[in-house]
Amino acid sequence: MDHQPKFFENLSGTGKAIGVLTSGGDAQGMNAAVRAVVRMGIYVKAKVYFVYEGYQGMVDGGGNIVEVSWESVSSILQVGGTVIGSARCKSFRTRKGRLQAAYNLVQRGITNLCVIGGDGSLTGANLFREEWSGLLEELAQKRKIDEEAVKKYAYLNIVGMVGSIDNDFCGTDMTIGTDSALHRIIEVVDAIMTTAQSHQRTFVLEVMGRHCGYLALVSALACGADWVFIPEYPPEEGWEDSMCVKLSENRARKKRLNIIIVAEGAIDCHNKPITSEKVKDLVVQRLGFDTRVTILGHVQRGGTPSAFDRILASRMGVEAVLALLEATPATPACVVSLSGNQAVRLPLMECVQMTQEVQKAMDKGRFAEAVRLRGRSFENNLNTYKLLSHKKPDAELPKTNFNVAVLNVGAPAAGMNAAVRAAVRVGITEGHKMFAVIDGFEGFARGKIKEISWGDVGGWTGQGGSILGTKRTLPAKYLEKIADQMRTNNINALMVIGGFEAYLGLLELSAAREKYDEFCVPMVMVPATVSNNVPGSDFSIGADTALNTITDTCDRIKQSASGTKRRVFIIETMGGYCGYLANMGALAAGADAAYIFEEQFDIRELQANVEHLTEKMKTSIQRGLVLRNENCNENYTTDFIYQLYSEEGKGVFDCRKNVLGHMQQGGAPSPFDRNFGTKISAKAMQWISKKLKETYRKGKVFANTDDSVCLLGMRRRNLVFQPVAELKTETDFVHRIPKEQWWLKLRPLMKILAKYKTSYDVSDSGQLEHVAVHSPKEAETGAI
C-alpha cells in the first residue's frame, strides 16, 4: 500500500494530561513501559502523572498522583517489577470508589489513562470509562466540581498494555513479562539438568500459569522436557501408563534424566487438578525413580527484564501515547499489542471477551476450542511440542527412502543446535533417513557426513554454539567434491542452517545445477546469525541471545558509572555492517546514541552528541552510554570516537571504551532463540517432505526450479518460504545486508527516549484492528 508517511509532529499533547498506572500482578518490563509513556508524553508536551499503587492510589489521591519529569524515570529500564507499585483494590470495584477516583483525576485535569496490567485491570479501566460522564455529573450534583469541569473533562480515554508473565491475554502474541519469566524458568531448568544428570534423577518442575499453560508449554519446548501438563490440553485417559512407559523408554535409551513440567493450573480431562506432588508420587510408585519436585513460584516474576521485554514495552509505551493523542470520544478503549513484530491496536473489550471465552471452553471440557482461541502461536507451540517429544515406534513410522542432510554454515549462533534437533526429529517422523554434515561445506567436501538418529540430538536445545561444527567456507571451490558426496550418500535434500554465507552458498549451489544434477534437489535455508543480516527474514536464530548479552553487559557498565558519576561509555558491538545489535541494544539498554552503518553520520552529528551529553551531565543523570556498530564507519573508529569524546568532554565528563567481541556469539541460547530455532526448523523440514513428494519422478528426485531452493524467514507476522533467487534484488551483496530493514523504523524511538528531537513515521500505527479467531488450518500457515 502506497501511503504518504504520517509523522506524529502534527499530534500535539499540549494541554493534555496523562496518568500512568500499573495494576494487578507485577511483571518484568512494566518499568520500561512506564518510562516510555512518561518520556513520550513529555516529548509531545503533555503533562504526565504517576498513579502510585494502582487503582488504590487513584482512589486515595493525595500524594499518590504526582506529576513527573524526564529524570523521574531514569535508571528504571533495567529494574524488574514496577517502581510505581501495584495493589489489588477492592474499593475501585465499588461505584463509590470510582467516584472518588474520578474526582482525584479531574482535580488534576487527567482525562487520559494508560493502564499496564492484566485482563482484570483492563476490564476495570473500561468500566470506569463507560461510567465517566455519569460520575462527573454526580460530582457536579454534590457540588464537588463545577459545570465547566464537567464540560471540559467530558471524556476519558483509556489505552491498555498487557503486563502479565502468563501470556494469557488473547489478541497479543507476547505480553510484557512473558519472555523474562521464560528466562527465569530456563535458567533453573538448565541448572537442574546438570544435577539431575549426575544422579540419574527425575525432576518435576511446577511453573506459574493458573489458567494458561503458555509458560509450561514453551519451557517444555525450549528444554526438550519429557512430558508437560497444561490446562488447555489435558492428557488423555490412561495418561499415567503412557507417561511411565515414555519415561522408562527414555532411560532405556541411556538418557540419564527426566524432566516433567507442570503448570500450576494443570488438569485432567475431567477437570480434576494434576499437581506436581501427584506426578512425583506416581513416578516413585510405578517406576521407583529417584524423583524431586521444584516449585519455581515467585522467582518467575522477579529479576531484570530481558532485552525482548524492554524493547516490547518501550514500543508499546510510545504506541500507547500515540493512541491516546489520536483518541476521540467515539474510539473504543484499546490495547496496544504485538502481532509478529508489528505493533497493533485492538479493541480492549474484544480481547477481554475472547480471553474469557478460553476459560469457558475449558470449564465445559471443549479443549480443542480453548487451544484454538489461545491463538496461532500457542497452537503452533503445542503442535511442535507433540511432534518432537514422542518418538513413534519404528514399525509405525512411514518409510520414504529419502536421505536428507543437515549442515551449519557461517559463524556459530546460539540456537543452531535446537534447529538441528528439530530438523532431525521431524525428518525421522516423516520417514526420512537423516544425515549430519560436520564443519559446513568444507566438511561436506571431505566426506564428513554420518547418519544421525532421534536419540543423538537429545539434550541439544540448551547447548550454545554449533555441535555439528560450522565453517564460513563457501561451496564454489568444492562443487565437484560436494556433488560426489551427494551422489555417494544418495542425498535427496539439503537443509542449511546459517547466516549470510549459507545464503550465498545456496545461491552458488543453485547456479551449479546446470553442471551438476546432484544439486537438483530441494534445498532450504534457516537463518541463524547473531548479526540478523539475512535478507528475507526479520529475525535470525542467535540474534536474541546476542542482544541479551549486550544488554546485560550495558547494565553492568552503567552500574559501574553510577558510583563515579560523569562518565560516558563507548561500547562496540558486532554485526558486520548490520546495525541491528547496536540499534536494538541501545533501545534495550537506554543508550544515548547508537552509531550504525545504515544511517550515515558526520563530525557535526558527533559534535551534537557530545553537546547533548554535556547538557545531560548538568541534570541528576550523570552518565552516558554510546553504542557503535563495528563497521559503521571506516574512519570514525571506536578509538576515534573515544578520543573525540574524551577531548571534547574535558572537565565535564571522562570516557571509557569497551569492545564486546565474541562473547556476543557464545552462551546458552535464550528461550526465544531455542523456540524460534525449533519451530522454524520443524517447518522447513515439513516443506522438504512436501517438495520431495512433488519432485520424485521415475525413481529419482529432480528439482531444478527456483522455488525448490528457498529461505524460510519471518516476515512481519508470518513465516514465509522465499526462493533465494528472488531475494537477490533485495540484497546489498557488498555490505552483506538486506537493502530494506524493518528495525530502522524503531530508530527514532531510541532517539526520542534519549531526548533528541526527531521525526517518527507512525503510518503503520493508528488503525484499530479486530481480534480474529483463526481457522484450525491457519495455524499451519505460519505464525511463529
# chains A, B, ... in the order shown; residues from 1 in each chain; ligands from 1
call {"tool": "residues_around", "arguments": {"residues": "stretch 86-96 of chain A", "least_positions_apart": "5", "cutoff": "10 Å", "atoms": "only C-alpha atoms", "output": "count of residues only"}}
result
28
call {"tool": "residues_around", "arguments": {"residues": "A:Val659", "least_positions_apart": "6", "cutoff": "9 Å", "atoms": "only C-alpha atoms", "output": "list in words"}}
result
Ile570, Ile571, Glu572, Thr573, Met574, Glu630 and Thr638 of chain A
call {"tool": "closest_residue", "arguments": {"among": "A:Lys255, A:Arg366, A:Arg715, A:Lys745", "to": "A:Ser198", "atoms": "only C-alpha atoms"}}
result
A:Lys255
call {"tool": "residues_around", "arguments": {"residues": "A:Val534", "least_positions_apart": "2", "cutoff": "12 Å", "atoms": "only C-alpha atoms", "output": "ChimeraX atom specification"}}
result
/A:410,497-504,525-532,536-541,543,575-578,580,711-715,724,727-728,730-733,735-741
call {"tool": "closest_residue", "arguments": {"among": "A:Val162, A:Ala445, A:Ala414, A:Ala32", "to": "A:Gln463", "atoms": "only C-alpha atoms"}}
result
A:Ala414
call {"tool": "select_by_dssp", "arguments": {"residues": "stretch 211-438 of chain A", "states": "alpha helix (DSSP H)", "output": "PyMOL selection string"}}
result
chain A and resi 214-223+239-252+276-287+307-326+348-363+367-374+376-389+416-429
call {"tool": "closest_residue", "arguments": {"among": "A:Ala361, A:Ala181, A:Ile428, A:Val521", "to": "A:Glu694", "atoms": "only C-alpha atoms"}}
result
A:Val521
call {"tool": "select_by_dssp", "arguments": {"residues": "stretch 178-370 of chain A", "states": "strand (DSSP E or B)", "output": "MDAnalysis selection string"}}
result
chainID A and resid 202:207 227:229 258:263 267 273 291:295 334:339 342:347
call {"tool": "write_last_selection", "arguments": {"atoms": "N, CA, C and O atoms", "output": "tab-separated table (two decimals), in the first residue's frame"}}
result
chain	number	residue	atom	x	y	z
A	202	THR	N	14.78	-37.85	38.25
A	202	THR	CA	13.64	-37.27	37.54
A	202	THR	C	13.24	-36.02	38.29
A	202	THR	O	13.14	-36.04	39.53
A	203	PHE	N	13.04	-34.93	37.58
A	203	PHE	CA	12.61	-33.68	38.22
A	203	PHE	C	11.23	-33.28	37.72
A	203	PHE	O	10.97	-33.29	36.52
A	204	VAL	N	10.37	-32.95	38.68
A	204	VAL	CA	9.06	-32.41	38.34
A	204	VAL	C	9.11	-30.92	38.67
A	204	VAL	O	9.34	-30.54	39.82
A	205	LEU	N	8.95	-30.07	37.64
A	205	LEU	CA	9.04	-28.63	37.85
A	205	LEU	C	7.66	-28.01	37.73
A	205	LEU	O	6.97	-28.23	36.74
A	206	GLU	N	7.29	-27.24	38.75
A	206	GLU	CA	5.98	-26.56	38.66
A	206	GLU	C	6.20	-25.10	38.30
A	206	GLU	O	6.94	-24.38	38.99
A	207	VAL	N	5.56	-24.66	37.22
A	207	VAL	CA	5.70	-23.27	36.80
A	207	VAL	C	4.36	-22.55	36.92
A	207	VAL	O	3.31	-23.18	37.03
A	227	TRP	N	7.69	-34.57	29.40
A	227	TRP	CA	6.22	-34.55	29.49
A	227	TRP	C	5.81	-33.17	30.00
A	227	TRP	O	6.55	-32.56	30.79
A	228	VAL	N	4.65	-32.69	29.57
A	228	VAL	CA	4.19	-31.38	30.06
A	228	VAL	C	2.69	-31.45	30.34
A	228	VAL	O	1.95	-32.11	29.61
A	229	PHE	N	2.28	-30.83	31.43
A	229	PHE	CA	0.85	-30.78	31.78
A	229	PHE	C	0.38	-29.33	31.72
A	229	PHE	O	0.91	-28.48	32.43
A	258	ASN	N	15.10	-37.24	33.57
A	258	ASN	CA	13.78	-36.93	33.01
A	258	ASN	C	13.32	-35.60	33.58
A	258	ASN	O	13.50	-35.32	34.75
A	259	ILE	N	12.73	-34.79	32.72
A	259	ILE	CA	12.16	-33.51	33.17
A	259	ILE	C	10.67	-33.51	32.84
A	259	ILE	O	10.28	-33.77	31.69
A	260	ILE	N	9.87	-33.24	33.86
A	260	ILE	CA	8.41	-33.14	33.65
A	260	ILE	C	8.01	-31.74	34.09
A	260	ILE	O	8.38	-31.30	35.18
A	261	ILE	N	7.29	-31.04	33.24
A	261	ILE	CA	6.89	-29.67	33.59
A	261	ILE	C	5.37	-29.62	33.81
A	261	ILE	O	4.59	-30.13	33.00
A	262	VAL	N	4.99	-29.04	34.94
A	262	VAL	CA	3.57	-28.97	35.31
A	262	VAL	C	3.16	-27.50	35.49
A	262	VAL	O	3.77	-26.78	36.27
A	263	ALA	N	2.13	-27.07	34.77
A	263	ALA	CA	1.59	-25.72	35.00
A	263	ALA	C	0.77	-25.78	36.29
A	263	ALA	O	0.12	-26.80	36.55
A	267	ILE	N	-4.82	-29.73	34.64
A	267	ILE	CA	-5.99	-30.56	34.99
A	267	ILE	C	-6.03	-31.80	34.10
A	267	ILE	O	-5.36	-31.84	33.08
A	273	PRO	N	-7.63	-31.41	39.25
A	273	PRO	CA	-6.25	-30.91	39.21
A	273	PRO	C	-5.20	-32.02	39.15
A	273	PRO	O	-5.38	-33.09	39.73
A	291	THR	N	13.02	-39.19	42.47
A	291	THR	CA	12.27	-38.06	41.89
A	291	THR	C	12.18	-36.89	42.85
A	291	THR	O	11.93	-37.07	44.04
A	292	ARG	N	12.40	-35.68	42.34
A	292	ARG	CA	12.33	-34.47	43.16
A	292	ARG	C	11.37	-33.47	42.53
A	292	ARG	O	11.24	-33.41	41.32
A	293	VAL	N	10.74	-32.66	43.41
A	293	VAL	CA	9.85	-31.61	42.93
A	293	VAL	C	10.51	-30.25	43.16
A	293	VAL	O	11.08	-30.01	44.22
A	294	THR	N	10.44	-29.37	42.18
A	294	THR	CA	10.91	-27.99	42.37
A	294	THR	C	9.77	-27.06	41.96
A	294	THR	O	9.30	-27.14	40.82
A	295	ILE	N	9.32	-26.24	42.91
A	295	ILE	CA	8.26	-25.27	42.59
A	295	ILE	C	8.92	-23.90	42.41
A	295	ILE	O	9.53	-23.38	43.35
A	334	CYS	N	-8.68	0.89	23.78
A	334	CYS	CA	-7.92	-0.10	23.03
A	334	CYS	C	-6.73	-0.62	23.82
A	334	CYS	O	-6.32	-0.05	24.83
A	335	VAL	N	-6.20	-1.74	23.33
A	335	VAL	CA	-4.99	-2.34	23.89
A	335	VAL	C	-3.93	-2.24	22.82
A	335	VAL	O	-4.21	-2.54	21.65
A	336	VAL	N	-2.73	-1.79	23.17
A	336	VAL	CA	-1.65	-1.86	22.18
A	336	VAL	C	-0.95	-3.19	22.41
A	336	VAL	O	-0.71	-3.59	23.54
A	337	SER	N	-0.70	-3.90	21.31
A	337	SER	CA	-0.10	-5.21	21.49
A	337	SER	C	0.79	-5.54	20.31
A	337	SER	O	1.00	-4.73	19.42
A	338	LEU	N	1.31	-6.75	20.32
A	338	LEU	CA	2.27	-7.16	19.31
A	338	LEU	C	1.71	-8.31	18.50
A	338	LEU	O	1.18	-9.26	19.06
A	339	SER	N	1.84	-8.20	17.17
A	339	SER	CA	1.47	-9.32	16.31
A	339	SER	C	2.65	-9.52	15.36
A	339	SER	O	2.96	-8.63	14.58
A	342	GLN	N	4.89	-6.53	14.54
A	342	GLN	CA	4.12	-5.32	14.28
A	342	GLN	C	3.39	-4.86	15.54
A	342	GLN	O	2.75	-5.68	16.21
A	343	ALA	N	3.46	-3.57	15.83
A	343	ALA	CA	2.64	-3.03	16.92
A	343	ALA	C	1.23	-2.85	16.37
A	343	ALA	O	1.05	-2.31	15.28
A	344	VAL	N	0.24	-3.34	17.09
A	344	VAL	CA	-1.16	-3.19	16.63
A	344	VAL	C	-2.03	-2.65	17.77
A	344	VAL	O	-1.65	-2.73	18.94
A	345	ARG	N	-3.18	-2.10	17.39
A	345	ARG	CA	-4.16	-1.66	18.40
A	345	ARG	C	-5.41	-2.51	18.23
A	345	ARG	O	-5.88	-2.71	17.11
A	346	LEU	N	-5.91	-2.98	19.35
A	346	LEU	CA	-7.10	-3.85	19.31
A	346	LEU	C	-8.12	-3.34	20.32
A	346	LEU	O	-7.75	-2.82	21.37
A	347	PRO	N	-9.43	-3.48	20.00
A	347	PRO	CA	-10.44	-3.06	20.98
A	347	PRO	C	-10.30	-3.87	22.26
A	347	PRO	O	-10.30	-5.10	22.23
call {"tool": "closest_residue", "arguments": {"among": "A:Leu221, A:Leu547, A:Cys554, A:Val610", "to": "A:Leu387", "atoms": "only C-alpha atoms"}}
result
A:Leu221
call {"tool": "residues_around", "arguments": {"residues": "stretch 429-434 of chain A", "least_positions_apart": "3", "cutoff": "9 Å", "atoms": "only C-alpha atoms", "output": "mmCIF file with N, CA and C atoms, in the first residue's frame"}}
result
data_model
loop_
_atom_site.group_PDB
_atom_site.id
_atom_site.type_symbol
_atom_site.label_atom_id
_atom_site.label_comp_id
_atom_site.auth_asym_id
_atom_site.auth_seq_id
_atom_site.Cartn_x
_atom_site.Cartn_y
_atom_site.Cartn_z
ATOM 1 N N LEU A 387 5.113 -33.040 18.150
ATOM 2 C CA LEU A 387 5.896 -33.618 17.063
ATOM 3 C C LEU A 387 7.276 -34.073 17.536
ATOM 4 N N LEU A 388 7.880 -33.287 18.442
ATOM 5 C CA LEU A 388 9.288 -33.517 18.787
ATOM 6 C C LEU A 388 9.518 -34.337 20.044
ATOM 7 N N LYS A 391 8.727 -40.135 20.255
ATOM 8 C CA LYS A 391 9.131 -40.885 19.054
ATOM 9 C C LYS A 391 8.193 -42.076 18.884
ATOM 10 N N LYS A 392 7.633 -42.193 17.691
ATOM 11 C CA LYS A 392 6.772 -43.352 17.431
ATOM 12 C C LYS A 392 7.657 -44.589 17.286
ATOM 13 N N LEU A 397 6.472 -45.785 11.894
ATOM 14 C CA LEU A 397 6.977 -44.661 11.092
ATOM 15 C C LEU A 397 6.863 -44.974 9.603
ATOM 16 N N PRO A 398 6.495 -43.990 8.773
ATOM 17 C CA PRO A 398 6.474 -44.237 7.327
ATOM 18 C C PRO A 398 7.910 -44.444 6.836
ATOM 19 N N LYS A 399 8.089 -45.065 5.680
ATOM 20 C CA LYS A 399 9.441 -45.215 5.107
ATOM 21 C C LYS A 399 9.422 -44.548 3.733
ATOM 22 N N THR A 400 10.174 -43.459 3.591
ATOM 23 C CA THR A 400 10.137 -42.743 2.309
ATOM 24 C C THR A 400 11.325 -43.086 1.416
ATOM 25 N N ASN A 401 12.376 -43.678 2.038
ATOM 26 C CA ASN A 401 13.630 -43.942 1.311
ATOM 27 C C ASN A 401 14.341 -42.675 0.831
ATOM 28 N N PHE A 402 14.001 -41.526 1.409
ATOM 29 C CA PHE A 402 14.723 -40.300 1.077
ATOM 30 C C PHE A 402 15.803 -40.045 2.125
ATOM 31 N N ASN A 403 16.947 -39.533 1.667
ATOM 32 C CA ASN A 403 18.025 -39.142 2.583
ATOM 33 C C ASN A 403 18.135 -37.621 2.614
ATOM 34 N N VAL A 404 18.101 -37.047 3.820
ATOM 35 C CA VAL A 404 18.168 -35.583 3.944
ATOM 36 C C VAL A 404 19.380 -35.206 4.799
ATOM 37 N N ALA A 405 20.183 -34.255 4.294
ATOM 38 C CA ALA A 405 21.373 -33.830 5.042
ATOM 39 C C ALA A 405 21.158 -32.461 5.674
ATOM 40 N N VAL A 406 21.680 -32.310 6.903
ATOM 41 C CA VAL A 406 21.585 -31.031 7.630
ATOM 42 C C VAL A 406 23.002 -30.532 7.888
ATOM 43 N N ALA A 423 15.052 -30.415 13.156
ATOM 44 C CA ALA A 423 15.118 -30.921 11.777
ATOM 45 C C ALA A 423 15.255 -32.443 11.770
ATOM 46 N N VAL A 424 16.169 -32.938 12.611
ATOM 47 C CA VAL A 424 16.421 -34.382 12.649
ATOM 48 C C VAL A 424 15.163 -35.135 13.083
ATOM 49 N N ARG A 425 14.536 -34.637 14.157
ATOM 50 C CA ARG A 425 13.378 -35.378 14.689
ATOM 51 C C ARG A 425 12.159 -35.300 13.769
ATOM 52 N N VAL A 426 11.942 -34.146 13.160
ATOM 53 C CA VAL A 426 10.796 -34.050 12.234
ATOM 54 C C VAL A 426 11.079 -34.914 11.005
ATOM 55 N N LYS A 450 27.503 -38.273 8.400
ATOM 56 C CA LYS A 450 27.109 -39.527 9.060
ATOM 57 C C LYS A 450 25.614 -39.510 9.343
ATOM 58 N N GLU A 451 25.059 -40.700 9.450
ATOM 59 C CA GLU A 451 23.626 -40.768 9.775
ATOM 60 C C GLU A 451 23.433 -40.344 11.228
ATOM 61 N N ILE A 452 22.324 -39.669 11.497
ATOM 62 C CA ILE A 452 22.071 -39.176 12.862
ATOM 63 C C ILE A 452 20.677 -39.628 13.302
ATOM 64 N N SER A 453 20.582 -40.119 14.554
ATOM 65 C CA SER A 453 19.313 -40.713 14.996
ATOM 66 C C SER A 453 18.560 -39.787 15.954
ATOM 67 N N MET A 685 11.549 -28.452 7.597
ATOM 68 C CA MET A 685 11.634 -29.888 7.306
ATOM 69 C C MET A 685 10.341 -30.396 6.664
ATOM 70 N N GLN A 686 9.209 -29.856 7.128
ATOM 71 C CA GLN A 686 7.923 -30.262 6.532
ATOM 72 C C GLN A 686 7.854 -29.822 5.065
ATOM 73 N N SER A 689 9.780 -32.299 2.960
ATOM 74 C CA SER A 689 8.981 -33.514 2.688
ATOM 75 C C SER A 689 8.005 -33.278 1.546
#
call {"tool": "atom_distance", "arguments": {"atom1": "atom CA of A:Arg372", "atom2": "atom CA of A:Gly462"}}
result
28.7 Å
call {"tool": "atom_distance", "arguments": {"atom1": "atom CA of A:Phe601", "atom2": "atom CA of A:Asn633"}}
result
8.4 Å
call {"tool": "residues_around", "arguments": {"residues": "stretch 646-652 of chain A", "least_positions_apart": "2", "cutoff": "8 Å", "atoms": "only C-alpha atoms", "output": "list in words"}}
result
Arg566, Val610, Thr614, Met617, Tyr642, Gln643, Leu644, Asp654 and Cys655 of chain A
call {"tool": "atom_distance", "arguments": {"atom1": "atom CA of A:Leu625", "atom2": "atom CA of A:Gly85"}}
result
27.9 Å
call {"tool": "closest_atom_pairs", "arguments": {"of": "stretch 188-209 of chain A", "to": "stretch 456-461 of chain A", "cutoff": "12 Å", "atoms": "only C-alpha atoms", "output": "tab-separated table"}}
result
residue	atom	partner	partner_atom	distance
A:Val189	CA	A:Gly459	CA	11.7
A:Asp190	CA	A:Gly459	CA	10.2
A:Met193	CA	A:Gly459	CA	9.3
A:Thr194	CA	A:Gly459	CA	11.0
A:Gln197	CA	A:Gly459	CA	10.8
call {"tool": "residues_around", "arguments": {"residues": "A:Gly464", "least_positions_apart": "4", "cutoff": "8 Å", "atoms": "only C-alpha atoms", "output": "PyMOL selection string"}}
result
chain A and resi 413-417+666-669
call {"tool": "closest_residue", "arguments": {"among": "A:Met40, A:Leu746, A:Cys632, A:Ile176", "to": "A:Leu322", "atoms": "only C-alpha atoms"}}
result
A:Met40
call {"tool": "residues_around", "arguments": {"residues": "A:Glu605", "least_positions_apart": "3", "cutoff": "12 Å", "atoms": "only C-alpha atoms", "output": "list in words"}}
result
Ala593, Ala594, Tyr595, Glu599, Gln600, Phe601, Asp602, Ala608, Asn609, Val610, Glu611, His612, Tyr636, Ile641 and Tyr756 of chain A
